[in-house]
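**Student:** Have a peek at structure.pdb (PDB, C-alpha atoms).
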```
ATOM      1  CA  MET M 535      15.804  32.085 -29.700
ATOM      2  CA  SER M 536      18.840  34.003 -28.514
ATOM      3  CA  GLN M 537      21.963  32.509 -26.989
ATOM      4  CA  ALA M 538      20.927  33.981 -23.637
ATOM      5  CA  ASP M 539      17.530  32.194 -23.773
ATOM      6  CA  LEU M 540      19.205  28.896 -24.626
ATOM      7  CA  SER M 541      21.549  29.361 -21.736
ATOM      8  CA  ILE M 542      18.669  30.094 -19.367
ATOM      9  CA  HIS M 543      16.677  27.136 -20.684
ATOM     10  CA  GLY M 544      19.703  24.919 -20.408
ATOM     11  CA  GLN M 545      20.153  25.920 -16.796
ATOM     12  CA  VAL M 546      16.466  25.385 -15.993
ATOM     13  CA  SER M 547      16.525  21.965 -17.600
ATOM     14  CA  ARG M 548      19.671  20.979 -15.654
ATOM     15  CA  SER M 549      18.071  22.155 -12.405
ATOM     16  CA  ALA M 550      14.939  20.130 -13.083
ATOM     17  CA  ALA M 551      17.056  17.058 -13.832
ATOM     18  CA  THR M 552      19.036  17.551 -10.623
ATOM     19  CA  GLU M 553      15.794  17.913  -8.680
ATOM     20  CA  VAL M 554      14.447  14.651 -10.084
ATOM     21  CA  MET M 555      17.704  12.842  -9.298
ATOM     22  CA  THR M 556      17.892  14.128  -5.722
ATOM     23  CA  ALA M 557      14.184  13.864  -4.824
ATOM     24  CA  PRO M 558      13.849  11.453  -1.857
ATOM     25  CA  ALA M 559      12.400   8.036  -2.702
ATOM     26  CA  PHE M 560       8.793   7.646  -1.453
ATOM     27  CA  SER M 561       9.104  11.166   0.035
ATOM     28  CA  VAL M 562      11.216   9.645   2.815
ATOM     29  CA  PRO M 563      14.383  11.500   3.932
ATOM     30  CA  ALA M 564      17.629   9.712   3.018
ATOM     31  CA  LYS M 565      18.617   8.795   6.591
ATOM     32  CA  LYS M 566      15.170   7.355   7.287
ATOM     33  CA  MET M 567      15.357   5.388   4.032
ATOM     34  CA  ALA M 568      18.771   4.075   5.114
ATOM     35  CA  MET M 569      17.185   2.782   8.328
ATOM     36  CA  TRP M 570      14.391   1.098   6.341
ATOM     37  CA  LEU M 571      16.952  -0.591   4.087
ATOM     38  CA  PHE M 572      18.839  -1.767   7.190
ATOM     39  CA  ILE M 573      15.577  -3.107   8.653
ATOM     40  CA  ILE M 574      14.783  -5.020   5.437
ATOM     41  CA  ALA M 575      18.294  -6.518   5.419
ATOM     42  CA  ASP M 576      18.178  -7.328   9.127
ATOM     43  CA  SER M 577      14.769  -8.964   8.820
ATOM     44  CA  ALA M 578      16.350 -11.249   6.203
ATOM     45  CA  THR M 579      19.118 -12.073   8.733
ATOM     46  CA  PHE M 580      16.625 -12.990  11.455
ATOM     47  CA  ALA M 581      14.394 -14.826   8.988
ATOM     48  CA  GLY M 582      17.425 -16.833   7.858
ATOM     49  CA  CYS M 583      18.233 -17.780  11.458
ATOM     50  CA  LEU M 584      14.622 -18.683  12.294
ATOM     51  CA  VAL M 585      14.106 -20.702   9.112
ATOM     52  CA  ALA M 586      17.389 -22.578   9.709
ATOM     53  CA  TYR M 587      16.302 -23.203  13.317
ATOM     54  CA  GLY M 588      12.907 -24.463  12.111
ATOM     55  CA  PHE M 589      14.616 -26.720   9.575
ATOM     56  CA  VAL M 590      16.866 -28.265  12.234
ATOM     57  CA  ARG M 591      14.037 -28.550  14.774
ATOM     58  CA  ASN M 592      11.748 -30.249  12.274
ATOM     59  CA  ALA M 593      14.452 -32.654  11.122
ATOM     60  CA  THR M 594      15.549 -33.664  14.665
ATOM     61  CA  PRO M 595      13.364 -36.306  16.358
ATOM     62  CA  ASP M 596      14.657 -35.839  19.942
ATOM     63  CA  TRP M 597      14.252 -32.053  20.073
ATOM     64  CA  PRO M 598      14.068 -31.060  23.760
ATOM     65  CA  ARG M 599      11.255 -29.065  25.392
ATOM     66  CA  PRO M 600      13.030 -27.679  28.450
ATOM     67  CA  PHE M 601      10.866 -24.653  29.322
ATOM     68  CA  HIS M 602       8.567 -25.252  32.291
ATOM     69  CA  SER M 603       7.376 -21.708  32.943
ATOM     70  CA  ILE M 604       6.284 -18.836  30.733
ATOM     71  CA  THR M 605       6.492 -16.206  33.482
ATOM     72  CA  ASN M 606       9.888 -14.823  32.509
ATOM     73  CA  VAL M 607       9.275 -14.741  28.760
ATOM     74  CA  ALA M 608       5.798 -13.224  29.289
ATOM     75  CA  LEU M 609       7.326 -10.490  31.444
ATOM     76  CA  MET M 610      10.033  -9.856  28.843
ATOM     77  CA  THR M 611       7.372  -9.600  26.104
ATOM     78  CA  PHE M 612       5.333  -7.149  28.162
ATOM     79  CA  ILE M 613       8.408  -5.000  28.844
ATOM     80  CA  LEU M 614       9.481  -4.894  25.192
ATOM     81  CA  LEU M 615       5.967  -4.070  23.933
ATOM     82  CA  THR M 616       5.631  -1.343  26.554
ATOM     83  CA  SER M 617       9.006   0.080  25.539
ATOM     84  CA  SER M 618       7.684   0.484  21.991
ATOM     85  CA  LEU M 619       4.800   2.557  23.365
ATOM     86  CA  THR M 620       7.144   4.742  25.429
ATOM     87  CA  MET M 621       9.292   5.236  22.305
ATOM     88  CA  LEU M 622       6.214   6.429  20.388
ATOM     89  CA  ILE M 623       5.443   8.884  23.211
ATOM     90  CA  ALA M 624       9.051  10.134  23.048
ATOM     91  CA  VAL M 625       8.834  10.755  19.290
ATOM     92  CA  GLN M 626       5.447  12.481  19.579
ATOM     93  CA  SER M 627       6.779  14.672  22.396
ATOM     94  CA  ALA M 628       9.755  15.622  20.199
ATOM     95  CA  GLN M 629       7.459  16.444  17.255
ATOM     96  CA  LYS M 630       5.377  18.681  19.538
ATOM     97  CA  GLY M 631       8.552  20.470  20.635
ATOM     98  CA  ASP M 632       8.464  19.083  24.187
ATOM     99  CA  LYS M 633      12.210  18.548  24.471
ATOM    100  CA  SER M 634      12.416  17.487  28.114
ATOM    101  CA  GLY M 635       9.452  15.131  27.692
ATOM    102  CA  ALA M 636      11.013  13.547  24.605
ATOM    103  CA  PHE M 637      14.318  13.047  26.421
ATOM    104  CA  ARG M 638      12.591  11.617  29.500
ATOM    105  CA  TRP M 639      10.525   9.093  27.488
ATOM    106  CA  THR M 640      13.564   8.097  25.418
ATOM    107  CA  MET M 641      15.475   7.328  28.612
ATOM    108  CA  ILE M 642      12.466   5.410  30.005
ATOM    109  CA  THR M 643      12.543   3.332  26.811
ATOM    110  CA  ALA M 644      16.257   2.686  27.330
ATOM    111  CA  VAL M 645      15.585   1.599  30.933
ATOM    112  CA  PHE M 646      12.940  -0.865  29.688
ATOM    113  CA  GLY M 647      15.569  -2.182  27.260
ATOM    114  CA  ILE M 648      18.060  -2.627  30.100
ATOM    115  CA  VAL M 649      15.474  -4.462  32.230
ATOM    116  CA  PHE M 650      14.699  -6.721  29.267
ATOM    117  CA  ALA M 651      18.417  -7.479  28.798
ATOM    118  CA  VAL M 652      18.873  -8.208  32.523
ATOM    119  CA  LEU M 653      15.923 -10.632  32.528
ATOM    120  CA  HIS M 654      17.308 -12.272  29.405
ATOM    121  CA  ILE M 655      20.779 -12.711  30.886
ATOM    122  CA  ARG M 656      19.252 -14.064  34.114
ATOM    123  CA  GLU M 657      17.394 -16.647  32.041
ATOM    124  CA  TRP M 658      20.586 -17.551  30.162
ATOM    125  CA  LEU M 659      22.480 -17.990  33.435
ATOM    126  CA  GLY M 660      19.714 -20.269  34.719
ATOM    127  CA  MET M 661      19.974 -22.435  31.588
ATOM    128  CA  ILE M 662      23.761 -22.471  31.700
ATOM    129  CA  GLY M 663      23.473 -23.506  35.366
ATOM    130  CA  GLU M 664      21.381 -26.488  34.259
ATOM    131  CA  GLY M 665      24.168 -27.522  31.876
ATOM    132  CA  ALA M 666      23.036 -25.972  28.584
ATOM    133  CA  THR M 667      25.709 -24.424  26.374
ATOM    134  CA  LEU M 668      26.124 -23.725  22.673
ATOM    135  CA  PHE M 669      27.338 -27.261  22.031
ATOM    136  CA  GLN M 670      25.609 -29.454  24.618
ATOM    137  CA  ASN M 671      22.638 -29.712  26.930
ATOM    138  CA  PRO M 672      21.241 -32.349  29.283
ATOM    139  CA  TRP M 673      17.887 -32.647  27.473
ATOM    140  CA  GLY M 674      18.621 -33.943  23.981
ATOM    141  CA  THR M 675      20.222 -32.884  20.736
ATOM    142  CA  PRO M 676      23.123 -30.405  21.100
ATOM    143  CA  LEU M 677      21.547 -28.403  18.264
ATOM    144  CA  PHE M 678      19.008 -27.054  20.755
ATOM    145  CA  GLY M 679      21.657 -25.008  22.592
ATOM    146  CA  ALA M 680      23.145 -23.777  19.323
ATOM    147  CA  GLY M 681      19.736 -22.640  18.037
ATOM    148  CA  PHE M 682      18.509 -21.146  21.309
ATOM    149  CA  PHE M 683      21.648 -19.212  22.249
ATOM    150  CA  SER M 684      22.318 -18.038  18.671
ATOM    151  CA  ILE M 685      18.848 -16.646  18.007
ATOM    152  CA  THR M 686      18.216 -15.155  21.442
ATOM    153  CA  GLY M 687      21.833 -13.930  21.519
ATOM    154  CA  LEU M 688      21.428 -12.150  18.188
ATOM    155  CA  HIS M 689      18.256 -10.533  19.479
ATOM    156  CA  LEU M 690      19.911  -9.579  22.767
ATOM    157  CA  LEU M 691      22.755  -8.011  20.762
ATOM    158  CA  HIS M 692      20.186  -5.916  18.910
ATOM    159  CA  VAL M 693      18.522  -4.861  22.176
ATOM    160  CA  THR M 694      21.892  -3.889  23.656
ATOM    161  CA  GLY M 695      22.789  -1.903  20.524
ATOM    162  CA  GLY M 696      19.357  -0.281  20.658
ATOM    163  CA  VAL M 697      19.833   0.771  24.279
ATOM    164  CA  VAL M 698      23.206   2.339  23.443
ATOM    165  CA  ALA M 699      21.661   4.102  20.416
ATOM    166  CA  LEU M 700      18.704   5.362  22.467
ATOM    167  CA  ILE M 701      20.975   6.826  25.136
ATOM    168  CA  ALA M 702      23.382   8.366  22.583
ATOM    169  CA  VAL M 703      20.663   9.845  20.365
ATOM    170  CA  GLY M 704      18.650  10.972  23.408
ATOM    171  CA  LEU M 705      21.635  12.816  24.858
ATOM    172  CA  LYS M 706      22.490  14.464  21.531
ATOM    173  CA  TYR M 707      18.834  15.428  21.069
ATOM    174  CA  GLN M 708      18.889  16.959  24.535
ATOM    175  CA  GLY M 709      22.082  18.801  23.594
ATOM    176  CA  GLY M 710      20.438  20.216  20.459
ATOM    177  CA  ARG M 711      22.586  18.352  17.942
ATOM    178  CA  TYR M 712      19.848  15.923  16.855
ATOM    179  CA  ASN M 713      16.182  16.639  16.139
ATOM    180  CA  ALA M 714      12.816  14.842  16.246
ATOM    181  CA  ASP M 715      13.561  13.048  12.948
ATOM    182  CA  ASP M 716      16.639  11.412  14.479
ATOM    183  CA  LEU M 717      14.587  10.202  17.441
ATOM    184  CA  GLU M 718      11.952   8.849  15.039
ATOM    185  CA  ILE M 719      14.593   6.935  13.056
ATOM    186  CA  THR M 720      16.016   5.423  16.262
ATOM    187  CA  GLY M 721      12.434   4.551  17.178
ATOM    188  CA  LEU M 722      12.038   2.647  13.892
ATOM    189  CA  TYR M 723      14.962   0.447  14.887
ATOM    190  CA  TRP M 724      13.526  -0.097  18.361
ATOM    191  CA  HIS M 725      10.120  -1.121  16.975
ATOM    192  CA  PHE M 726      11.896  -3.550  14.653
ATOM    193  CA  VAL M 727      13.624  -5.189  17.640
ATOM    194  CA  ASP M 728      10.174  -5.551  19.220
ATOM    195  CA  LEU M 729       8.778  -6.979  15.970
ATOM    196  CA  VAL M 730      11.480  -9.659  15.797
ATOM    197  CA  TRP M 731      10.691 -10.716  19.377
ATOM    198  CA  MET M 732       7.092 -11.433  18.271
ATOM    199  CA  PHE M 733       8.489 -14.277  16.151
ATOM    200  CA  VAL M 734      11.238 -15.421  18.535
ATOM    201  CA  VAL M 735       8.808 -16.009  21.437
ATOM    202  CA  PRO M 736       6.483 -18.514  19.720
ATOM    203  CA  LEU M 737       9.163 -20.296  17.682
ATOM    204  CA  VAL M 738      11.964 -20.551  20.241
ATOM    205  CA  TYR M 739      10.111 -20.537  23.583
ATOM    206  CA  LEU M 740       6.444 -21.485  23.264
ATOM    207  CA  LEU M 741       6.933 -24.392  20.848
ATOM    208  CA  ASN M 742       9.504 -25.791  23.299
ATOM    209  CA  LEU M 743       7.313 -25.682  26.412
ATOM    210  CA  ALA M 744       7.309 -28.854  28.477
ATOM    211  CA  HIS M 745       3.764 -30.285  28.628
TER     212      HIS M 745
ATOM    213  CA  MET L 144       3.597  11.749   8.381
ATOM    214  CA  THR L 145       4.070  15.432   9.025
ATOM    215  CA  ALA L 146       4.532  16.812  12.493
ATOM    216  CA  GLU L 147       1.108  18.515  12.248
ATOM    217  CA  MET L 148      -0.644  15.260  11.373
ATOM    218  CA  GLN L 149       1.222  13.544  14.208
ATOM    219  CA  LYS L 150       0.074  16.205  16.624
ATOM    220  CA  SER L 151      -3.559  15.843  15.595
ATOM    221  CA  SER L 152      -3.627  12.032  15.733
ATOM    222  CA  GLY L 153      -2.288  11.974  19.311
ATOM    223  CA  ILE L 154      -1.278   8.896  21.265
ATOM    224  CA  GLY L 155      -4.763   7.329  21.448
ATOM    225  CA  LYS L 156      -4.369   5.210  18.320
ATOM    226  CA  ASP L 157      -0.929   4.014  19.447
ATOM    227  CA  VAL L 158      -2.287   2.952  22.840
ATOM    228  CA  ALA L 159      -5.101   1.049  21.084
ATOM    229  CA  VAL L 160      -2.558  -0.761  18.876
ATOM    230  CA  TYR L 161      -0.404  -1.466  21.962
ATOM    231  CA  VAL L 162      -3.385  -3.053  23.748
ATOM    232  CA  CYS L 163      -4.132  -5.142  20.620
ATOM    233  CA  LEU L 164      -0.515  -6.333  20.555
ATOM    234  CA  LEU L 165      -0.657  -7.292  24.243
ATOM    235  CA  ILE L 166      -3.859  -9.260  23.609
ATOM    236  CA  LEU L 167      -2.354 -11.007  20.567
ATOM    237  CA  ALA L 168       0.789 -11.853  22.571
ATOM    238  CA  ALA L 169      -1.463 -13.327  25.276
ATOM    239  CA  VAL L 170      -3.273 -15.358  22.580
ATOM    240  CA  GLN L 171       0.078 -16.903  21.594
ATOM    241  CA  PHE L 172       0.639 -17.973  25.209
ATOM    242  CA  VAL L 173      -2.865 -19.486  25.333
ATOM    243  CA  ILE L 174      -2.186 -21.417  22.106
ATOM    244  CA  ALA L 175       0.975 -22.833  23.716
ATOM    245  CA  TYR L 176      -1.188 -24.615  26.311
ATOM    246  CA  GLN L 177      -3.767 -26.015  23.857
ATOM    247  CA  HIS L 178      -3.797 -29.782  23.349
ATOM    248  CA  ILE L 179      -3.068 -29.711  19.634
ATOM    249  CA  SER L 180      -0.279 -31.074  17.457
ATOM    250  CA  ALA L 181       3.017 -29.185  17.116
ATOM    251  CA  SER L 182       2.296 -28.346  13.478
ATOM    252  CA  GLN L 183      -1.156 -26.913  14.305
ATOM    253  CA  MET L 184       0.413 -24.933  17.147
ATOM    254  CA  PHE L 185       3.114 -23.637  14.818
ATOM    255  CA  VAL L 186       0.604 -22.482  12.177
ATOM    256  CA  ARG L 187      -1.628 -20.721  14.718
ATOM    257  CA  MET L 188       1.246 -18.997  16.512
ATOM    258  CA  LEU L 189       2.832 -17.907  13.235
ATOM    259  CA  ALA L 190      -0.483 -16.485  12.017
ATOM    260  CA  VAL L 191      -0.821 -14.441  15.232
ATOM    261  CA  ALA L 192       2.827 -13.304  14.968
ATOM    262  CA  ILE L 193       2.259 -12.115  11.372
ATOM    263  CA  VAL L 194      -0.791 -10.089  12.463
ATOM    264  CA  GLU L 195       1.262  -8.612  15.341
ATOM    265  CA  ALA L 196       4.120  -7.732  12.987
ATOM    266  CA  GLY L 197       1.670  -6.172  10.526
ATOM    267  CA  LEU L 198       0.164  -3.960  13.233
ATOM    268  CA  ALA L 199       3.617  -2.879  14.423
ATOM    269  CA  LEU L 200       4.768  -2.105  10.875
ATOM    270  CA  LEU L 201       1.635  -0.227   9.841
ATOM    271  CA  PHE L 202       1.020   1.825  12.966
ATOM    272  CA  PHE L 203       4.124   1.895  15.206
ATOM    273  CA  MET L 204       6.461   2.299  12.222
ATOM    274  CA  HIS L 205       3.952   4.469  10.306
ATOM    275  CA  LEU L 206       3.988   2.494   7.046
ATOM    276  CA  TRP L 207       0.213   3.073   6.911
ATOM    277  CA  GLU L 208       0.797   6.716   5.979
ATOM    278  CA  ASN L 209       3.222   5.970   3.139
ATOM    279  CA  PRO L 210       1.708   3.487   0.636
ATOM    280  CA  GLY L 211       4.741   3.581  -1.701
ATOM    281  CA  LEU L 212       7.182   2.698   1.074
ATOM    282  CA  LYS L 213       4.720   0.123   2.431
ATOM    283  CA  TRP L 214       4.767  -1.849  -0.834
ATOM    284  CA  PHE L 215       8.532  -1.409  -1.192
ATOM    285  CA  VAL L 216       9.171  -2.921   2.250
ATOM    286  CA  LEU L 217       6.510  -5.611   1.853
ATOM    287  CA  ILE L 218       7.603  -6.867  -1.579
ATOM    288  CA  PHE L 219      11.320  -7.032  -0.746
ATOM    289  CA  THR L 220      10.887  -8.600   2.694
ATOM    290  CA  VAL L 221       8.268 -11.156   1.681
ATOM    291  CA  ALA L 222      10.239 -12.140  -1.438
ATOM    292  CA  VAL L 223      13.377 -12.830   0.613
ATOM    293  CA  ILE L 224      11.515 -14.702   3.351
ATOM    294  CA  LEU L 225       9.579 -16.805   0.838
ATOM    295  CA  GLY L 226      12.834 -17.631  -0.964
ATOM    296  CA  MET L 227      14.163 -19.103   2.278
ATOM    297  CA  GLN L 228      11.336 -21.648   2.471
ATOM    298  CA  TYR L 229      12.982 -23.706  -0.264
ATOM    299  CA  GLY L 230      14.762 -25.936   2.264
ATOM    300  CA  TRP L 231      11.610 -27.211   4.016
ATOM    301  CA  THR L 232      11.118 -30.144   1.674
ATOM    302  CA  ASP L 233      14.515 -31.459   2.744
ATOM    303  CA  ALA L 234      13.667 -30.984   6.434
ATOM    304  CA  PHE L 235      10.498 -33.071   5.978
ATOM    305  CA  ARG L 236      12.498 -35.678   4.048
ATOM    306  CA  LEU L 237      14.952 -35.945   6.967
ATOM    307  CA  SER L 238      12.230 -36.278   9.609
ATOM    308  CA  ASN L 239       9.687 -38.425   7.729
ATOM    309  CA  GLY L 240      11.664 -40.302   5.110
ATOM    310  CA  VAL L 241      11.457 -39.548   1.410
ATOM    311  CA  PRO L 242       7.891 -38.484   0.661
ATOM    312  CA  TRP L 243       6.174 -39.366  -2.590
ATOM    313  CA  ALA L 244       8.953 -41.907  -3.358
ATOM    314  CA  LYS L 245       6.506 -44.368  -4.872
TER     315      LYS L 245
END
```
What does the file become when written as structure tokens?

**Tutor:**
Amino acid sequence: MSQADLSIHGQVSRSAATEVMTAPAFSVPAKKMAMWLFIIADSATFAGCLVAYGFVRNATPDWPRPFHSITNVALMTFILLTSSLTMLIAVQSAQKGDKSGAFRWTMITAVFGIVFAVLHIREWLGMIGEGATLFQNPWGTPLFGAGFFSITGLHLLHVTGGVVALIAVGLKYQGGRYNADDLEITGLYWHFVDLVWMFVVPLVYLLNLAH
Amino acid sequence: MTAEMQKSSGIGKDVAVYVCLLILAAVQFVIAYQHISASQMFVRMLAVAIVEAGLALLFFMHLWENPGLKWFVLIFTVAVILGMQYGWTDAFRLSNGVPWAK
């Protein structure tokens, strides 16, 4: 084997090694994988909060049940679930090359997020008006306010961040700087926010309904 | 999922999953008004929530089309969440007294 052959083989072998090292894990692009890793970490954050809340609720005999109506939380659930569907339509429109449709559905999703946040804040104001804060409430243990406002506040923070991300990514997609993959990755985050709400509703609201 | 596959599958499946999620959410609200104990209510609602989350993960977040990623997400998330359950014994001790003390 000549020196030239060795050199060629050496180069081929290095290229193959580089290809193996840079191949995306699970055939998922790096930025999408980053979002999945964030989602895994964030699900641990929410799980930690919900488990701690469950621990405190279970260990506290006089845990209050202040919610008399499910209308508001049912409406919020419907809005958030529907926003996931509109996000899917936005991503599919983008993948089909329908740029204006993708932008329109992304903005509709953001509007649903804003409506959800407004309903949530209205509910908070109602509870604050009745005397509930982070550290006290008129119904029983002060831990109720801490648990309720912390968990729903963390979720509301995620919704607000999601709305900002949807608007920013939507505008940059419209401007041609981002593509359908970027919309899909933002959509992953939005579906995750929806997924968390599926656990917050039964644990924080429905188990605390006044009967 | 490639763009071509996405095009062919359309929105029909997503709408079907969306309707299922709405129904499951409604089931949780129905459970809230059943005359059962808090622990039974908790178990039933959590079971429905896990099914809802599974549907959202598999179809809305497209884990169904990527088995490798599906197991990666599932194993890491479930391991962390299960690890957090360690404190429950203490919560039951606080609310019910020390169990199995005799």

**Student:** Hey, what comes out of the PyMOL selection byres ((chain M and resi 641-645) around 12) on this file? Could you write it as a ChimeraX atom specification?

**Tutor:** /M:613-625,634-640,646-652,693-705,707-708,717,720-721,724-725,728

**Student:** Counting only C-alpha atoms, write as a list of chain:residue names all protein and nucleic acid residues lying at most 7 Å from (-0.2, -21.5, 18.6) in the file's frame.

**Tutor:** L:Gln171, L:Ile174, L:Ala175, L:Gln183, L:Met184, L:Phe185, L:Val186, L:Arg187, L:Met188

**Student:** List every residue of chain L that has an atom at most 8 Å from any atom of chain M, and for each one report the closest atom pair and its distance in Å to one decimal, counting only C-alpha atoms, with rows sorted by chain and then by increasing residue number, as JSON lines.

**Tutor:**
```
{"residue": "L:Ala146", "atom": "CA", "partner": "M:Gln629", "partner_atom": "CA", "distance": 5.6}
{"residue": "L:Gln149", "atom": "CA", "partner": "M:Gln626", "partner_atom": "CA", "distance": 6.9}
{"residue": "L:Lys150", "atom": "CA", "partner": "M:Lys630", "partner_atom": "CA", "distance": 6.5}
{"residue": "L:Gly153", "atom": "CA", "partner": "M:Gln626", "partner_atom": "CA", "distance": 7.8}
{"residue": "L:Ile154", "atom": "CA", "partner": "M:Ile623", "partner_atom": "CA", "distance": 7.0}
{"residue": "L:Asp157", "atom": "CA", "partner": "M:Leu619", "partner_atom": "CA", "distance": 7.1}
{"residue": "L:Val158", "atom": "CA", "partner": "M:Leu619", "partner_atom": "CA", "distance": 7.1}
{"residue": "L:Tyr161", "atom": "CA", "partner": "M:Leu619", "partner_atom": "CA", "distance": 6.7}
{"residue": "L:Leu164", "atom": "CA", "partner": "M:Leu615", "partner_atom": "CA", "distance": 7.7}
{"residue": "L:Leu165", "atom": "CA", "partner": "M:Phe612", "partner_atom": "CA", "distance": 7.2}
{"residue": "L:Ala168", "atom": "CA", "partner": "M:Met732", "partner_atom": "CA", "distance": 7.6}
{"residue": "L:Gln171", "atom": "CA", "partner": "M:Pro736", "partner_atom": "CA", "distance": 6.9}
{"residue": "L:Phe172", "atom": "CA", "partner": "M:Leu740", "partner_atom": "CA", "distance": 7.1}
{"residue": "L:Ala175", "atom": "CA", "partner": "M:Leu740", "partner_atom": "CA", "distance": 5.7}
{"residue": "L:Tyr176", "atom": "CA", "partner": "M:His745", "partner_atom": "CA", "distance": 7.9}
{"residue": "L:Ala181", "atom": "CA", "partner": "M:Leu741", "partner_atom": "CA", "distance": 7.2}
{"residue": "L:Met184", "atom": "CA", "partner": "M:Leu741", "partner_atom": "CA", "distance": 7.5}
{"residue": "L:Phe185", "atom": "CA", "partner": "M:Leu741", "partner_atom": "CA", "distance": 7.2}
{"residue": "L:Met188", "atom": "CA", "partner": "M:Pro736", "partner_atom": "CA", "distance": 6.2}
{"residue": "L:Leu189", "atom": "CA", "partner": "M:Phe733", "partner_atom": "CA", "distance": 7.3}
{"residue": "L:Ala192", "atom": "CA", "partner": "M:Met732", "partner_atom": "CA", "distance": 5.7}
{"residue": "L:Glu195", "atom": "CA", "partner": "M:Met732", "partner_atom": "CA", "distance": 7.1}
{"residue": "L:Ala196", "atom": "CA", "partner": "M:Leu729", "partner_atom": "CA", "distance": 5.6}
{"residue": "L:Ala199", "atom": "CA", "partner": "M:Leu729", "partner_atom": "CA", "distance": 6.8}
{"residue": "L:Phe203", "atom": "CA", "partner": "M:His725", "partner_atom": "CA", "distance": 6.9}
{"residue": "L:Met204", "atom": "CA", "partner": "M:Leu722", "partner_atom": "CA", "distance": 5.8}
{"residue": "L:Asn209", "atom": "CA", "partner": "M:Phe560", "partner_atom": "CA", "distance": 7.4}
{"residue": "L:Gly211", "atom": "CA", "partner": "M:Phe560", "partner_atom": "CA", "distance": 5.7}
{"residue": "L:Leu212", "atom": "CA", "partner": "M:Phe560", "partner_atom": "CA", "distance": 5.8}
{"residue": "L:Val216", "atom": "CA", "partner": "M:Ile574", "partner_atom": "CA", "distance": 6.8}
{"residue": "L:Phe219", "atom": "CA", "partner": "M:Ile574", "partner_atom": "CA", "distance": 7.4}
{"residue": "L:Thr220", "atom": "CA", "partner": "M:Ile574", "partner_atom": "CA", "distance": 6.0}
{"residue": "L:Val223", "atom": "CA", "partner": "M:Ala578", "partner_atom": "CA", "distance": 6.5}
{"residue": "L:Ile224", "atom": "CA", "partner": "M:Ala581", "partner_atom": "CA", "distance": 6.3}
{"residue": "L:Met227", "atom": "CA", "partner": "M:Gly582", "partner_atom": "CA", "distance": 6.9}
{"residue": "L:Gln228", "atom": "CA", "partner": "M:Val585", "partner_atom": "CA", "distance": 7.3}
{"residue": "L:Gly230", "atom": "CA", "partner": "M:Phe589", "partner_atom": "CA", "distance": 7.4}
{"residue": "L:Trp231", "atom": "CA", "partner": "M:Phe589", "partner_atom": "CA", "distance": 6.3}
{"residue": "L:Ala234", "atom": "CA", "partner": "M:Ala593", "partner_atom": "CA", "distance": 5.0}
{"residue": "L:Phe235", "atom": "CA", "partner": "M:Ala593", "partner_atom": "CA", "distance": 6.5}
{"residue": "L:Arg236", "atom": "CA", "partner": "M:Ala593", "partner_atom": "CA", "distance": 7.9}
{"residue": "L:Leu237", "atom": "CA", "partner": "M:Ala593", "partner_atom": "CA", "distance": 5.3}
{"residue": "L:Ser238", "atom": "CA", "partner": "M:Ala593", "partner_atom": "CA", "distance": 4.5}
```

**Student:** Could those residues be written to a file, using C-alpha atoms, as a compact mmCIF listing (two decimals), in the coordinates of the input?

**Tutor:**
```txt
# COMPACT_ATOMS: atom_id res chain seq x y z
CA ALA L 146 4.53 16.81 12.49
CA GLN L 149 1.22 13.54 14.21
CA LYS L 150 0.07 16.20 16.62
CA GLY L 153 -2.29 11.97 19.31
CA ILE L 154 -1.28 8.90 21.26
CA ASP L 157 -0.93 4.01 19.45
CA VAL L 158 -2.29 2.95 22.84
CA TYR L 161 -0.40 -1.47 21.96
CA LEU L 164 -0.52 -6.33 20.56
CA LEU L 165 -0.66 -7.29 24.24
CA ALA L 168 0.79 -11.85 22.57
CA GLN L 171 0.08 -16.90 21.59
CA PHE L 172 0.64 -17.97 25.21
CA ALA L 175 0.98 -22.83 23.72
CA TYR L 176 -1.19 -24.62 26.31
CA ALA L 181 3.02 -29.18 17.12
CA MET L 184 0.41 -24.93 17.15
CA PHE L 185 3.11 -23.64 14.82
CA MET L 188 1.25 -19.00 16.51
CA LEU L 189 2.83 -17.91 13.24
CA ALA L 192 2.83 -13.30 14.97
CA GLU L 195 1.26 -8.61 15.34
CA ALA L 196 4.12 -7.73 12.99
CA ALA L 199 3.62 -2.88 14.42
CA PHE L 203 4.12 1.90 15.21
CA MET L 204 6.46 2.30 12.22
CA ASN L 209 3.22 5.97 3.14
CA GLY L 211 4.74 3.58 -1.70
CA LEU L 212 7.18 2.70 1.07
CA VAL L 216 9.17 -2.92 2.25
CA PHE L 219 11.32 -7.03 -0.75
CA THR L 220 10.89 -8.60 2.69
CA VAL L 223 13.38 -12.83 0.61
CA ILE L 224 11.52 -14.70 3.35
CA MET L 227 14.16 -19.10 2.28
CA GLN L 228 11.34 -21.65 2.47
CA GLY L 230 14.76 -25.94 2.26
CA TRP L 231 11.61 -27.21 4.02
CA ALA L 234 13.67 -30.98 6.43
CA PHE L 235 10.50 -33.07 5.98
CA ARG L 236 12.50 -35.68 4.05
CA LEU L 237 14.95 -35.94 6.97
CA SER L 238 12.23 -36.28 9.61
```

**Student:** Report as a list of chain:residue names the residues that result from applying the PyMOL selection byres ((chain M and resi 675-679) around 8) to the structure here.

**Tutor:** M:Val590, M:Arg591, M:Thr594, M:Asp596, M:Trp597, M:Pro598, M:Ala666, M:Thr667, M:Leu668, M:Phe669, M:Gln670, M:Asn671, M:Trp673, M:Gly674, M:Ala680, M:Gly681, M:Phe682, M:Phe683

**Student:** For a test of reading the model, state the distance in Å between CA of Trp214 in chain L and CA of Lys566 in chain M, rounded to one decimal.

**Tutor:**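 According to the coordinates, CA of Trp214 in chain L and CA of Lys566 in chain M are separated by 16.1 Å.
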
**Student:** By how many Å are CA of His654 in chain M and CA of Leu609 in chain M apart?

**Tutor:**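 Straight-line distance from CA of His654 in chain M to CA of Leu609 in chain M works out to 10.3 Å.
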